[in-house]
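Beneath this line is the structure, given in structure tokens, with notes to follow.
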Amino acid sequence: MAKKRSGGGLTGTQQAAKFLGVSVLAGAVLAGIALPAAGALGLAAKGTVEGFDEIPANLKTPPLSQRTTILDNKGGTIAQVYSRDRTVVPLADISPYMQKAIVAIEDGRFYEHGAIDLKGVLRAMNKNATSGGVAQGASTLTQQYVKNVFVEEAGDDPDKVAEATQQTIGRKVKELKYAIQVEEELGKKKILENYLNITFFGQQAYGIEAAAKRYFSKPAKDLTLDESAMLAGIVQSPSRYDPVNDAQEAKKRRNTVLQRMADVKDISQAEADKAKEVPIKLSVSKPKNGCITAVDGAGFFCDYVREVFLSDPVFGKTKEERAKLWNQGGLTVQTTLDPQSQKATQASIKEHVYQKDSVATAVTLVQPGSGKILAMGQSKPYGFGDNETQINFSVNRQMGGSNFGFPVGSTFKPFLAAAAIEGGKPPTQQYPSPYEMDYPASVQTCSGKPWVNDPKNPAHLENENESESGPYALRDAMAKSVNTYFVQMLGDIGMCPVSQMTDRLNVRQGNGDKLPMLPSALTLGSTGISPLTMASAYAAFANRGTYCSPIAIESIKKPDGSSVPVPKTSCSQAMSQTTADSINTLLRGVIDSGTGAEAGLKDRDNAGKTGTTDARKNAWFVGYTSNLSAAVWVGSPSQRVEMNNITIGGQFQEQVYGGQVPGPIWRDAMTGALQGQDSPPFVRVDIPDGGQKTTDPVPGTAGNNNDKSKNKGKHKPKPGGGDNKPPNRGGQPPFPGISFPPGVIGGDGGGWPQ
């Protein structure tokens, strides 16, 4: 690039060398950079020049941080997020008035000098010598631009910002050398464009486009003379001349700019006088930044997108690299969120659970076969006020969720059934299924060392109703959610097949850990799991056994239009198609005639499972059609509220069941999300209620023992895994000798941090 000539016919480098070579450097430079000359007069010019020569020649200009726009899958804006509100625009899109105003007030001789304004330096020296302090500086607009580059590079690190703005000789000399480089490489118009895009105008507005929209709700190209003068005046002191907080001070400063424009012949005196009479007229657009501004209750999904970006190695090998790319912004992120599904989900939530209720709900919708998250909402909005939260109840802790997730109760039973069928058990499998029984004496684990029930104080469980006494076959046991049936099934097949099945479905605890090798965890859902995890796992049933990992991002574009690689879903066969088809048939029965009847959808195949945990602290419904899977949780985020004799969504509930409150939420959200869409029917499997019933004890179980007198004095924790009536609460951990995390009360179906 051709070098730009500065005043006096010298290049910027020649001018600097001549300037720095004079013995008055200490006083002159310090005057020119608005530092007191006193105390620096002993500075050796030779040493300063040597230091100048050692400064690297190239100024590395970081990309300007801009706002990132997050879109739904139809291109609608969900939210805009940014560390600095800025939109970079070319000089052609900035009002000529604004260009002239900023030059007039900040560097009137901008087009006449190079990186250093020698006349300005001498003027500042004289003024400062007369005043005995620092009355005036002579930094050029180019030098100011370089300083802003250093500040931009510092980002939000307060130590780096302090270093970039410290008033020291070393920093100013460094700034001076880079200013020379910038003058030679960019030229005046590009420097002015860059300056107007980087500088701070107060009110969280960086760059002239953001400032024009903040104060006047218009683009920078449409700024009038008086508006341009006002914005140019802010730059010197954004807090002092803030027109929002002090219109009088801002007007005085604006008029100073107008007069300066007249003095340098950019406008006539008549134009200046006329503009001075115009009152300050603002049309302020308040900053709209972050996921708190997301539409249709999508704040938590927005936050999840950010967490994905900051945690996925696709966006950078280290956390620092990912954070840098996110903070630079200017990205257009198209997500998987479907506006129809999100609206339907949020409408259902508002209808059934109020923000002020003592319990909350979280709902997540996932597309089988693609892993796309189509909706994510909850009753406690994203925010900082009363009955608001920043905890995303739908996701795991590392993605912004609760510490542990929420116990899922009987919605876990389909995973156990799938493991059994996949291992060769027929869908007609029968077990004695007494009303009450001890847990199996021992259950095989993956390590080969069995879990052993304490014979002195055995863990015990009951079904919800005394009428629930087998024998049962799987179809009826699933529809009625018979606890003892599934515990006997676990005793029969062991825990390892269930653990392997849940691993293939990526079912993990809310803290990210694998499910513990405990009968309560692998039978009756005593472990905390997130709604997103449950919706994604059930989607594998709908997808005939193929599990696809959840994704939230479709594509990302940089400001220059280039694409950023995004995470892709990973799909794998978690079970055979026959097993999945069998589970679909079993879970259709839950909705057709079982505990999930209130959740049923009309005119389309649908399947699902209810779940209710100990003391009614959590209630679930997880279900799906062939093309949409959804999980609904209702409960106390703190796990302290028992949902008995409680009002939720304006409706009094004597006792909350999985099919009773979560079920209708699921039904209404799914109905709205699927409106106008077909849902192909499931592949049908004929599963009869079962042939010959048997009462032979299952190996490793307590058999069909209904003699309550034999259980006297034994510990009898109630699982809460069934969904017909509330269980009694046990007073001890169900598995003596098993240690639980601090603050966690062990128990079938939950008990949770208090």
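Chain identifiers are assigned as A, B, and so on, following the order in which chains appear in the structure tokens; residues are numbered from 1 within each chain, and ligands are numbered from 1 in order of appearance.
Using only C-alpha atoms, the residues found no farther than 9 Å from range 677-679 of chain A, other than those of its own chain fewer than 6 positions away, are Arg604, Asp605, Asn606, Thr625, Ser626, Asn627 and Leu628 of chain A.
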For the interface of range 475-594 of chain A with range 422-446 of chain A (cut-off 10 Å, counting only C-alpha atoms), please tabulate each contacting residue of range 475-594 of chain A alongside its nearest pair of atoms and their separation in Å to one decimal, rows sorted by chain and increasing number, as a Markdown table.
| residue | atom | partner | partner_atom | distance |
| --- | --- | --- | --- | --- |
| A:Arg475 | CA | A:Thr428 | CA | 7.0 |
| A:Asp476 | CA | A:Thr428 | CA | 9.5 |
| A:Ala477 | CA | A:Ser433 | CA | 8.7 |
| A:Val482 | CA | A:Ser433 | CA | 7.5 |
| A:Asn483 | CA | A:Ser433 | CA | 7.9 |
| A:Thr484 | CA | A:Ser433 | CA | 5.0 |
| A:Tyr485 | CA | A:Ser433 | CA | 4.5 |
| A:Phe486 | CA | A:Ser433 | CA | 8.2 |
| A:Val487 | CA | A:Tyr439 | CA | 7.1 |
| A:Gln488 | CA | A:Tyr431 | CA | 6.8 |
| A:Met489 | CA | A:Tyr431 | CA | 7.4 |
| A:Leu490 | CA | A:Val443 | CA | 7.5 |
| A:Gly491 | CA | A:Val443 | CA | 5.5 |
| A:Asp492 | CA | A:Val443 | CA | 8.1 |
| A:Ile493 | CA | A:Gln444 | CA | 8.0 |
| A:Gly494 | CA | A:Gln444 | CA | 4.7 |
| A:Met495 | CA | A:Thr445 | CA | 5.1 |
| A:Cys496 | CA | A:Cys446 | CA | 4.7 |
| A:Pro497 | CA | A:Gly423 | CA | 7.6 |
| A:Val498 | CA | A:Thr445 | CA | 9.7 |
| A:Ser499 | CA | A:Cys446 | CA | 8.1 |
| A:Gln500 | CA | A:Cys446 | CA | 8.9 |
| A:Met501 | CA | A:Glu422 | CA | 8.9 |
| A:Met517 | CA | A:Thr445 | CA | 6.8 |
| A:Leu518 | CA | A:Thr445 | CA | 8.8 |
| A:Pro519 | CA | A:Val443 | CA | 7.8 |
| A:Ser520 | CA | A:Tyr439 | CA | 9.3 |
| A:Ala574 | CA | A:Glu422 | CA | 9.8 |
| A:Met575 | CA | A:Glu422 | CA | 6.6 |
| A:Ser576 | CA | A:Glu422 | CA | 7.1 |
| A:Gln577 | CA | A:Glu422 | CA | 9.8 |
| A:Thr578 | CA | A:Glu422 | CA | 8.5 |
| A:Thr579 | CA | A:Glu422 | CA | 5.9 |
| A:Ala580 | CA | A:Glu422 | CA | 9.0 |
| A:Ser582 | CA | A:Pro427 | CA | 6.9 |
| A:Ile583 | CA | A:Pro427 | CA | 8.6 |
| A:Thr585 | CA | A:Pro427 | CA | 9.8 |
| A:Leu586 | CA | A:Pro427 | CA | 8.5 |
From a backbone DSSP assignment, name each residue in range 350-432 of chain A labelled helix (DSSP H, G or I), as a compact mmCIF listing (two decimals) with all heavy atoms, in the first residue's frame.
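The resulting file, result34.txt, is reproduced below:
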# COMPACT_ATOMS: atom_id res chain seq x y z
N LYS A 350 -48.26 -21.68 30.95
CA LYS A 350 -48.98 -20.57 31.60
C LYS A 350 -50.40 -20.96 31.99
O LYS A 350 -50.94 -20.44 32.96
CB LYS A 350 -48.99 -19.36 30.67
CG LYS A 350 -47.63 -18.69 30.52
CD LYS A 350 -47.71 -17.44 29.65
CE LYS A 350 -46.36 -16.75 29.55
NZ LYS A 350 -46.41 -15.54 28.69
N GLU A 351 -50.99 -21.85 31.24
CA GLU A 351 -52.35 -22.29 31.52
C GLU A 351 -52.41 -23.18 32.76
O GLU A 351 -53.35 -23.09 33.55
CB GLU A 351 -52.91 -23.06 30.31
CG GLU A 351 -54.26 -23.72 30.53
CD GLU A 351 -55.40 -22.72 30.69
OE1 GLU A 351 -55.24 -21.56 30.24
OE2 GLU A 351 -56.44 -23.09 31.26
N HIS A 352 -51.40 -24.00 32.96
CA HIS A 352 -51.48 -25.04 33.99
C HIS A 352 -50.67 -24.78 35.25
O HIS A 352 -50.98 -25.33 36.31
CB HIS A 352 -51.06 -26.38 33.39
CG HIS A 352 -51.99 -26.89 32.32
ND1 HIS A 352 -53.23 -27.41 32.61
CD2 HIS A 352 -51.86 -26.93 30.97
CE1 HIS A 352 -53.83 -27.78 31.48
NE2 HIS A 352 -53.03 -27.48 30.47
N ARG A 397 -26.65 -29.96 35.08
CA ARG A 397 -25.97 -28.89 35.82
C ARG A 397 -24.91 -28.18 34.99
O ARG A 397 -24.82 -26.96 35.00
CB ARG A 397 -25.33 -29.47 37.08
CG ARG A 397 -24.55 -28.45 37.92
CD ARG A 397 -24.02 -29.07 39.19
NE ARG A 397 -23.03 -30.11 38.91
CZ ARG A 397 -22.51 -30.91 39.84
NH1 ARG A 397 -22.91 -30.81 41.09
NH2 ARG A 397 -21.62 -31.82 39.51
N GLN A 398 -24.10 -28.94 34.25
CA GLN A 398 -23.00 -28.32 33.51
C GLN A 398 -23.48 -27.43 32.37
O GLN A 398 -22.71 -26.65 31.81
CB GLN A 398 -22.03 -29.38 32.97
CG GLN A 398 -22.64 -30.39 32.02
CD GLN A 398 -23.09 -31.64 32.73
OE1 GLN A 398 -23.61 -31.57 33.84
NE2 GLN A 398 -22.84 -32.79 32.12
N MET A 399 -24.76 -27.51 32.05
CA MET A 399 -25.33 -26.67 31.00
C MET A 399 -26.26 -25.60 31.57
O MET A 399 -27.06 -25.03 30.86
CB MET A 399 -26.08 -27.53 29.99
CG MET A 399 -25.21 -28.59 29.32
SD MET A 399 -23.76 -27.91 28.50
CE MET A 399 -24.52 -27.12 27.10
N GLY A 409 -39.17 -41.07 38.98
CA GLY A 409 -40.22 -42.02 39.32
C GLY A 409 -40.40 -43.09 38.25
O GLY A 409 -39.45 -43.58 37.64
N SER A 410 -41.66 -43.43 38.00
CA SER A 410 -41.97 -44.55 37.12
C SER A 410 -41.72 -44.28 35.65
O SER A 410 -41.83 -45.20 34.83
CB SER A 410 -43.44 -44.96 37.30
OG SER A 410 -43.64 -45.51 38.59
N THR A 411 -41.37 -43.05 35.27
CA THR A 411 -41.01 -42.83 33.87
C THR A 411 -39.71 -43.56 33.53
O THR A 411 -39.34 -43.66 32.36
CB THR A 411 -40.84 -41.32 33.56
OG1 THR A 411 -39.85 -40.76 34.41
CG2 THR A 411 -42.16 -40.59 33.74
N PHE A 412 -39.03 -44.11 34.55
CA PHE A 412 -37.82 -44.89 34.30
C PHE A 412 -38.15 -46.32 33.87
O PHE A 412 -37.33 -47.00 33.23
CB PHE A 412 -36.95 -44.93 35.56
CG PHE A 412 -35.56 -45.45 35.31
CD1 PHE A 412 -34.53 -44.58 34.99
CD2 PHE A 412 -35.27 -46.81 35.39
CE1 PHE A 412 -33.25 -45.05 34.74
CE2 PHE A 412 -34.00 -47.28 35.14
CZ PHE A 412 -32.98 -46.40 34.81
N LYS A 413 -39.34 -46.82 34.20
CA LYS A 413 -39.67 -48.23 33.98
C LYS A 413 -39.54 -48.67 32.52
O LYS A 413 -39.14 -49.82 32.27
CB LYS A 413 -41.08 -48.51 34.51
CG LYS A 413 -41.15 -48.47 36.03
CD LYS A 413 -42.57 -48.57 36.55
CE LYS A 413 -42.59 -48.53 38.08
NZ LYS A 413 -43.97 -48.48 38.63
N PRO A 414 -39.86 -47.84 31.51
CA PRO A 414 -39.67 -48.28 30.13
C PRO A 414 -38.21 -48.64 29.79
O PRO A 414 -37.98 -49.50 28.94
CB PRO A 414 -40.16 -47.08 29.31
CG PRO A 414 -41.18 -46.44 30.18
CD PRO A 414 -40.63 -46.58 31.57
N PHE A 415 -37.24 -48.00 30.44
CA PHE A 415 -35.84 -48.34 30.19
C PHE A 415 -35.55 -49.77 30.68
O PHE A 415 -34.85 -50.53 30.01
CB PHE A 415 -34.90 -47.35 30.87
CG PHE A 415 -35.12 -45.91 30.50
CD1 PHE A 415 -34.98 -44.90 31.43
CD2 PHE A 415 -35.46 -45.55 29.20
CE1 PHE A 415 -35.17 -43.56 31.09
CE2 PHE A 415 -35.66 -44.22 28.85
CZ PHE A 415 -35.52 -43.23 29.80
N LEU A 416 -36.08 -50.10 31.86
CA LEU A 416 -35.92 -51.45 32.39
C LEU A 416 -36.61 -52.47 31.49
O LEU A 416 -36.04 -53.53 31.17
CB LEU A 416 -36.49 -51.51 33.81
CG LEU A 416 -36.65 -52.88 34.47
CD1 LEU A 416 -35.32 -53.62 34.53
CD2 LEU A 416 -37.25 -52.73 35.88
N ALA A 417 -37.83 -52.15 31.05
CA ALA A 417 -38.57 -53.06 30.17
C ALA A 417 -37.83 -53.25 28.85
O ALA A 417 -37.76 -54.37 28.33
CB ALA A 417 -39.97 -52.52 29.93
N ALA A 418 -37.27 -52.18 28.31
CA ALA A 418 -36.53 -52.28 27.04
C ALA A 418 -35.31 -53.17 27.21
O ALA A 418 -34.98 -53.98 26.32
CB ALA A 418 -36.12 -50.89 26.57
N ALA A 419 -34.61 -53.03 28.34
CA ALA A 419 -33.44 -53.87 28.59
C ALA A 419 -33.83 -55.34 28.69
O ALA A 419 -33.12 -56.23 28.18
CB ALA A 419 -32.73 -53.42 29.87
N ALA A 420 -34.96 -55.61 29.34
CA ALA A 420 -35.41 -57.00 29.49
C ALA A 420 -35.80 -57.60 28.14
O ALA A 420 -35.40 -58.73 27.82
CB ALA A 420 -36.59 -57.04 30.46
N ILE A 421 -36.58 -56.86 27.35
CA ILE A 421 -37.00 -57.37 26.03
C ILE A 421 -35.80 -57.54 25.11
O ILE A 421 -35.68 -58.54 24.40
CB ILE A 421 -38.04 -56.43 25.41
CG1 ILE A 421 -39.31 -56.42 26.27
CG2 ILE A 421 -38.36 -56.82 23.98
CD1 ILE A 421 -40.33 -55.36 25.86
N GLU A 422 -34.88 -56.57 25.15
CA GLU A 422 -33.68 -56.65 24.32
C GLU A 422 -32.84 -57.88 24.70
O GLU A 422 -32.18 -58.49 23.85
CB GLU A 422 -32.85 -55.38 24.47
CG GLU A 422 -31.68 -55.25 23.52
CD GLU A 422 -32.09 -54.85 22.10
OE1 GLU A 422 -33.31 -54.72 21.84
OE2 GLU A 422 -31.19 -54.68 21.26
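CA of Thr527 in chain A is positioned 12.1 Å from CA of Asn403 in chain A.
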Quick one: everything within 9 Å of range 274-285 of chain A, counting only C-alpha atoms, minus sequence neighbours fewer than 4 positions away in the same chain. Send it as a list in words.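 Near neighbours after the sequence-gap exclusion: Lys213, Arg214, Tyr215, Phe216, Ser217, Lys218, Leu225, Asp226, Glu227, Met230, Pro243, Val244, Ala247, Gln248, Ala250, Lys251, Lys252, Arg254, Asn255, Leu258, Gln259, Gln269 and Ala270 of chain A.
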Identify, on the basis of only C-alpha atoms, every residue whose closest approach to Lys288 in chain A does not exceed 12 Å; exclude the query and any residue fewer than 2 positions from it along the same chain; express the result as a short mmCIF file (atom, residue, chain, number, x, y, z; two decimals) with all heavy atoms, in the first residue's frame.
data_model
loop_
_atom_site.label_atom_id
_atom_site.label_comp_id
_atom_site.auth_asym_id
_atom_site.auth_seq_id
_atom_site.Cartn_x
_atom_site.Cartn_y
_atom_site.Cartn_z
N ARG A 67 -22.78 -7.38 18.46
CA ARG A 67 -23.88 -8.17 18.99
C ARG A 67 -24.05 -9.45 18.17
O ARG A 67 -23.82 -9.48 16.97
CB ARG A 67 -25.18 -7.37 18.98
CG ARG A 67 -25.73 -7.08 17.61
CD ARG A 67 -27.03 -6.30 17.68
NE ARG A 67 -26.83 -4.97 18.22
CZ ARG A 67 -27.82 -4.10 18.45
NH1 ARG A 67 -29.06 -4.43 18.17
NH2 ARG A 67 -27.56 -2.90 18.94
N THR A 68 -24.41 -10.51 18.85
CA THR A 68 -24.73 -11.78 18.21
C THR A 68 -26.25 -11.94 18.21
O THR A 68 -26.91 -11.69 19.22
CB THR A 68 -24.07 -12.95 18.96
OG1 THR A 68 -22.67 -12.97 18.64
CG2 THR A 68 -24.68 -14.28 18.58
N THR A 69 -26.79 -12.35 17.09
CA THR A 69 -28.24 -12.53 16.95
C THR A 69 -28.56 -14.02 16.94
O THR A 69 -27.97 -14.79 16.16
CB THR A 69 -28.75 -11.88 15.66
OG1 THR A 69 -28.44 -10.49 15.68
CG2 THR A 69 -30.25 -12.05 15.53
N ILE A 78 -34.77 -14.60 18.30
CA ILE A 78 -35.07 -15.01 19.67
C ILE A 78 -34.52 -13.97 20.65
O ILE A 78 -35.21 -13.51 21.55
CB ILE A 78 -34.44 -16.39 19.97
CG1 ILE A 78 -35.07 -17.47 19.09
CG2 ILE A 78 -34.60 -16.74 21.45
CD1 ILE A 78 -34.37 -18.82 19.21
N ALA A 79 -33.26 -13.59 20.44
CA ALA A 79 -32.62 -12.61 21.33
C ALA A 79 -31.33 -12.13 20.67
O ALA A 79 -30.82 -12.74 19.74
CB ALA A 79 -32.32 -13.22 22.69
N GLN A 80 -30.84 -11.02 21.18
CA GLN A 80 -29.53 -10.51 20.78
C GLN A 80 -28.67 -10.43 22.02
O GLN A 80 -29.10 -9.94 23.07
CB GLN A 80 -29.65 -9.13 20.12
CG GLN A 80 -30.33 -9.18 18.76
CD GLN A 80 -30.38 -7.83 18.08
OE1 GLN A 80 -30.56 -6.80 18.73
NE2 GLN A 80 -30.22 -7.82 16.77
N VAL A 81 -27.46 -10.93 21.91
CA VAL A 81 -26.56 -10.96 23.06
C VAL A 81 -25.24 -10.32 22.65
O VAL A 81 -24.81 -10.43 21.51
CB VAL A 81 -26.33 -12.40 23.56
CG1 VAL A 81 -27.62 -13.02 24.02
CG2 VAL A 81 -25.72 -13.27 22.46
N TYR A 82 -24.61 -9.66 23.59
CA TYR A 82 -23.35 -9.01 23.28
C TYR A 82 -22.63 -8.62 24.56
O TYR A 82 -23.26 -8.40 25.60
CB TYR A 82 -23.55 -7.76 22.42
CG TYR A 82 -24.63 -6.81 22.90
CD1 TYR A 82 -24.39 -5.89 23.91
CD2 TYR A 82 -25.90 -6.84 22.32
CE1 TYR A 82 -25.38 -5.02 24.33
CE2 TYR A 82 -26.89 -5.97 22.74
CZ TYR A 82 -26.63 -5.05 23.75
OH TYR A 82 -27.61 -4.20 24.16
N SER A 83 -21.31 -8.58 24.45
CA SER A 83 -20.53 -8.00 25.55
C SER A 83 -20.48 -6.49 25.34
O SER A 83 -20.39 -5.73 26.30
CB SER A 83 -19.13 -8.59 25.59
OG SER A 83 -18.45 -8.37 24.37
N ARG A 84 -20.53 -6.06 24.06
CA ARG A 84 -20.59 -4.64 23.73
C ARG A 84 -21.58 -4.45 22.59
O ARG A 84 -21.48 -5.10 21.55
CB ARG A 84 -19.20 -4.13 23.31
CG ARG A 84 -18.23 -4.10 24.48
CD ARG A 84 -16.87 -3.58 24.11
NE ARG A 84 -16.03 -3.50 25.30
CZ ARG A 84 -14.76 -3.16 25.29
NH1 ARG A 84 -14.16 -2.88 24.14
NH2 ARG A 84 -14.06 -3.11 26.41
N ASP A 85 -22.51 -3.55 22.81
CA ASP A 85 -23.53 -3.30 21.80
C ASP A 85 -22.91 -2.50 20.66
O ASP A 85 -22.65 -1.31 20.79
CB ASP A 85 -24.70 -2.53 22.43
CG ASP A 85 -25.83 -2.30 21.43
OD1 ASP A 85 -25.82 -2.94 20.36
OD2 ASP A 85 -26.72 -1.48 21.72
N GLN A 203 -24.13 4.95 27.53
CA GLN A 203 -25.37 4.17 27.50
C GLN A 203 -25.19 2.80 26.85
O GLN A 203 -26.03 2.31 26.10
CB GLN A 203 -26.47 4.96 26.77
CG GLN A 203 -26.99 6.18 27.50
CD GLN A 203 -27.85 5.81 28.70
OE1 GLN A 203 -28.59 4.83 28.68
NE2 GLN A 203 -27.75 6.61 29.75
N GLN A 204 -24.05 2.18 27.11
CA GLN A 204 -23.72 0.85 26.61
C GLN A 204 -23.58 0.78 25.09
O GLN A 204 -23.57 -0.30 24.51
CB GLN A 204 -24.77 -0.18 27.07
CG GLN A 204 -24.93 -0.29 28.57
CD GLN A 204 -25.95 -1.31 28.98
OE1 GLN A 204 -26.09 -2.36 28.36
NE2 GLN A 204 -26.71 -0.99 30.02
N ALA A 205 -23.48 1.92 24.44
CA ALA A 205 -23.40 1.96 22.98
C ALA A 205 -21.96 2.14 22.52
O ALA A 205 -21.32 3.14 22.81
CB ALA A 205 -24.27 3.09 22.44
N ALA A 210 -24.73 1.94 16.90
CA ALA A 210 -25.41 1.62 18.16
C ALA A 210 -25.83 2.90 18.88
O ALA A 210 -26.92 2.97 19.47
CB ALA A 210 -24.50 0.78 19.06
N LYS A 213 -28.94 4.48 17.29
CA LYS A 213 -30.15 3.73 17.63
C LYS A 213 -30.50 3.86 19.10
O LYS A 213 -31.68 3.84 19.46
CB LYS A 213 -29.98 2.27 17.22
CG LYS A 213 -29.96 2.10 15.70
CD LYS A 213 -29.84 0.65 15.27
CE LYS A 213 -29.90 0.55 13.75
NZ LYS A 213 -29.74 -0.84 13.27
N ARG A 214 -29.49 3.98 19.95
CA ARG A 214 -29.77 4.11 21.38
C ARG A 214 -30.45 5.44 21.69
O ARG A 214 -31.45 5.48 22.39
CB ARG A 214 -28.45 3.99 22.17
CG ARG A 214 -28.60 4.15 23.68
CD ARG A 214 -29.23 2.91 24.32
NE ARG A 214 -28.28 1.82 24.32
CZ ARG A 214 -28.37 0.75 23.55
NH1 ARG A 214 -29.39 0.62 22.72
NH2 ARG A 214 -27.48 -0.21 23.60
N VAL A 284 -35.15 7.43 22.91
CA VAL A 284 -34.23 6.43 23.46
C VAL A 284 -34.78 5.02 23.29
O VAL A 284 -35.94 4.74 23.60
CB VAL A 284 -33.96 6.71 24.95
CG1 VAL A 284 -33.06 5.63 25.55
CG2 VAL A 284 -33.33 8.09 25.12
N SER A 285 -33.93 4.15 22.77
CA SER A 285 -34.22 2.72 22.74
C SER A 285 -33.38 2.08 23.83
O SER A 285 -32.15 2.15 23.79
CB SER A 285 -33.86 2.11 21.38
OG SER A 285 -34.67 2.65 20.36
N LYS A 286 -34.04 1.50 24.82
CA LYS A 286 -33.31 0.91 25.92
C LYS A 286 -32.49 -0.28 25.44
O LYS A 286 -32.90 -1.00 24.53
CB LYS A 286 -34.27 0.47 27.02
CG LYS A 286 -34.97 1.64 27.72
CD LYS A 286 -35.84 1.16 28.85
CE LYS A 286 -36.51 2.33 29.57
NZ LYS A 286 -37.37 1.88 30.67
N GLY A 290 -29.09 -9.83 25.84
CA GLY A 290 -29.03 -11.07 26.59
C GLY A 290 -30.28 -11.91 26.52
O GLY A 290 -31.33 -11.52 26.01
N CYS A 291 -30.17 -13.10 27.09
CA CYS A 291 -31.25 -14.07 27.03
C CYS A 291 -32.48 -13.62 27.82
O CYS A 291 -33.58 -14.15 27.60
CB CYS A 291 -30.75 -15.41 27.55
SG CYS A 291 -29.51 -16.17 26.46
N ILE A 292 -32.31 -12.65 28.71
CA ILE A 292 -33.45 -12.16 29.48
C ILE A 292 -34.48 -11.48 28.57
O ILE A 292 -35.64 -11.34 28.92
CB ILE A 292 -32.98 -11.20 30.60
CG1 ILE A 292 -34.06 -11.03 31.67
CG2 ILE A 292 -32.55 -9.86 30.02
CD1 ILE A 292 -33.59 -10.30 32.90
N THR A 293 -34.05 -11.08 27.37
CA THR A 293 -34.95 -10.41 26.42
C THR A 293 -35.58 -11.38 25.43
O THR A 293 -36.31 -10.96 24.54
CB THR A 293 -34.18 -9.33 25.63
OG1 THR A 293 -33.20 -9.96 24.79
CG2 THR A 293 -33.49 -8.35 26.55
N ALA A 294 -35.30 -12.67 25.56
CA ALA A 294 -35.77 -13.65 24.58
C ALA A 294 -37.29 -13.68 24.51
O ALA A 294 -38.00 -13.49 25.51
CB ALA A 294 -35.24 -15.03 24.92
N VAL A 295 -37.81 -13.93 23.32
CA VAL A 295 -39.25 -13.95 23.10
C VAL A 295 -39.83 -15.32 23.44
O VAL A 295 -39.13 -16.33 23.46
CB VAL A 295 -39.58 -13.60 21.62
CG1 VAL A 295 -39.08 -12.22 21.27
CG2 VAL A 295 -38.98 -14.64 20.67
#
Measure the distance from CA of Asp312 in chain A to CA of Tyr382 in chain A in Å and round it to one decimal.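 Calculated distance between CA of Asp312 in chain A and CA of Tyr382 in chain A is 23.2 Å.
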Shortest interatomic distance to Glu271 in chain A - which of A:Glu388, A:Ser237, A:Thr224, A:Leu186, counting only C-alpha atoms: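 Smallest distance to Glu271 in chain A is found for A:Thr224.
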For CA of Gly611 in chain A and CA of Val685 in chain A, the interatomic separation in Å (one decimal): 24.2 Å
Residue contacts of Leu223 in chain A (9 Å, only C-alpha atoms) excluding same-chain residues fewer than 4 positions away, as a list in words: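 Here the qualifying residues turn out to be Ile94, Ser95, Pro96, Tyr97, Met98, Ala212, Phe216, Lys218, Pro219, Glu227 and Ser228 of chain A.
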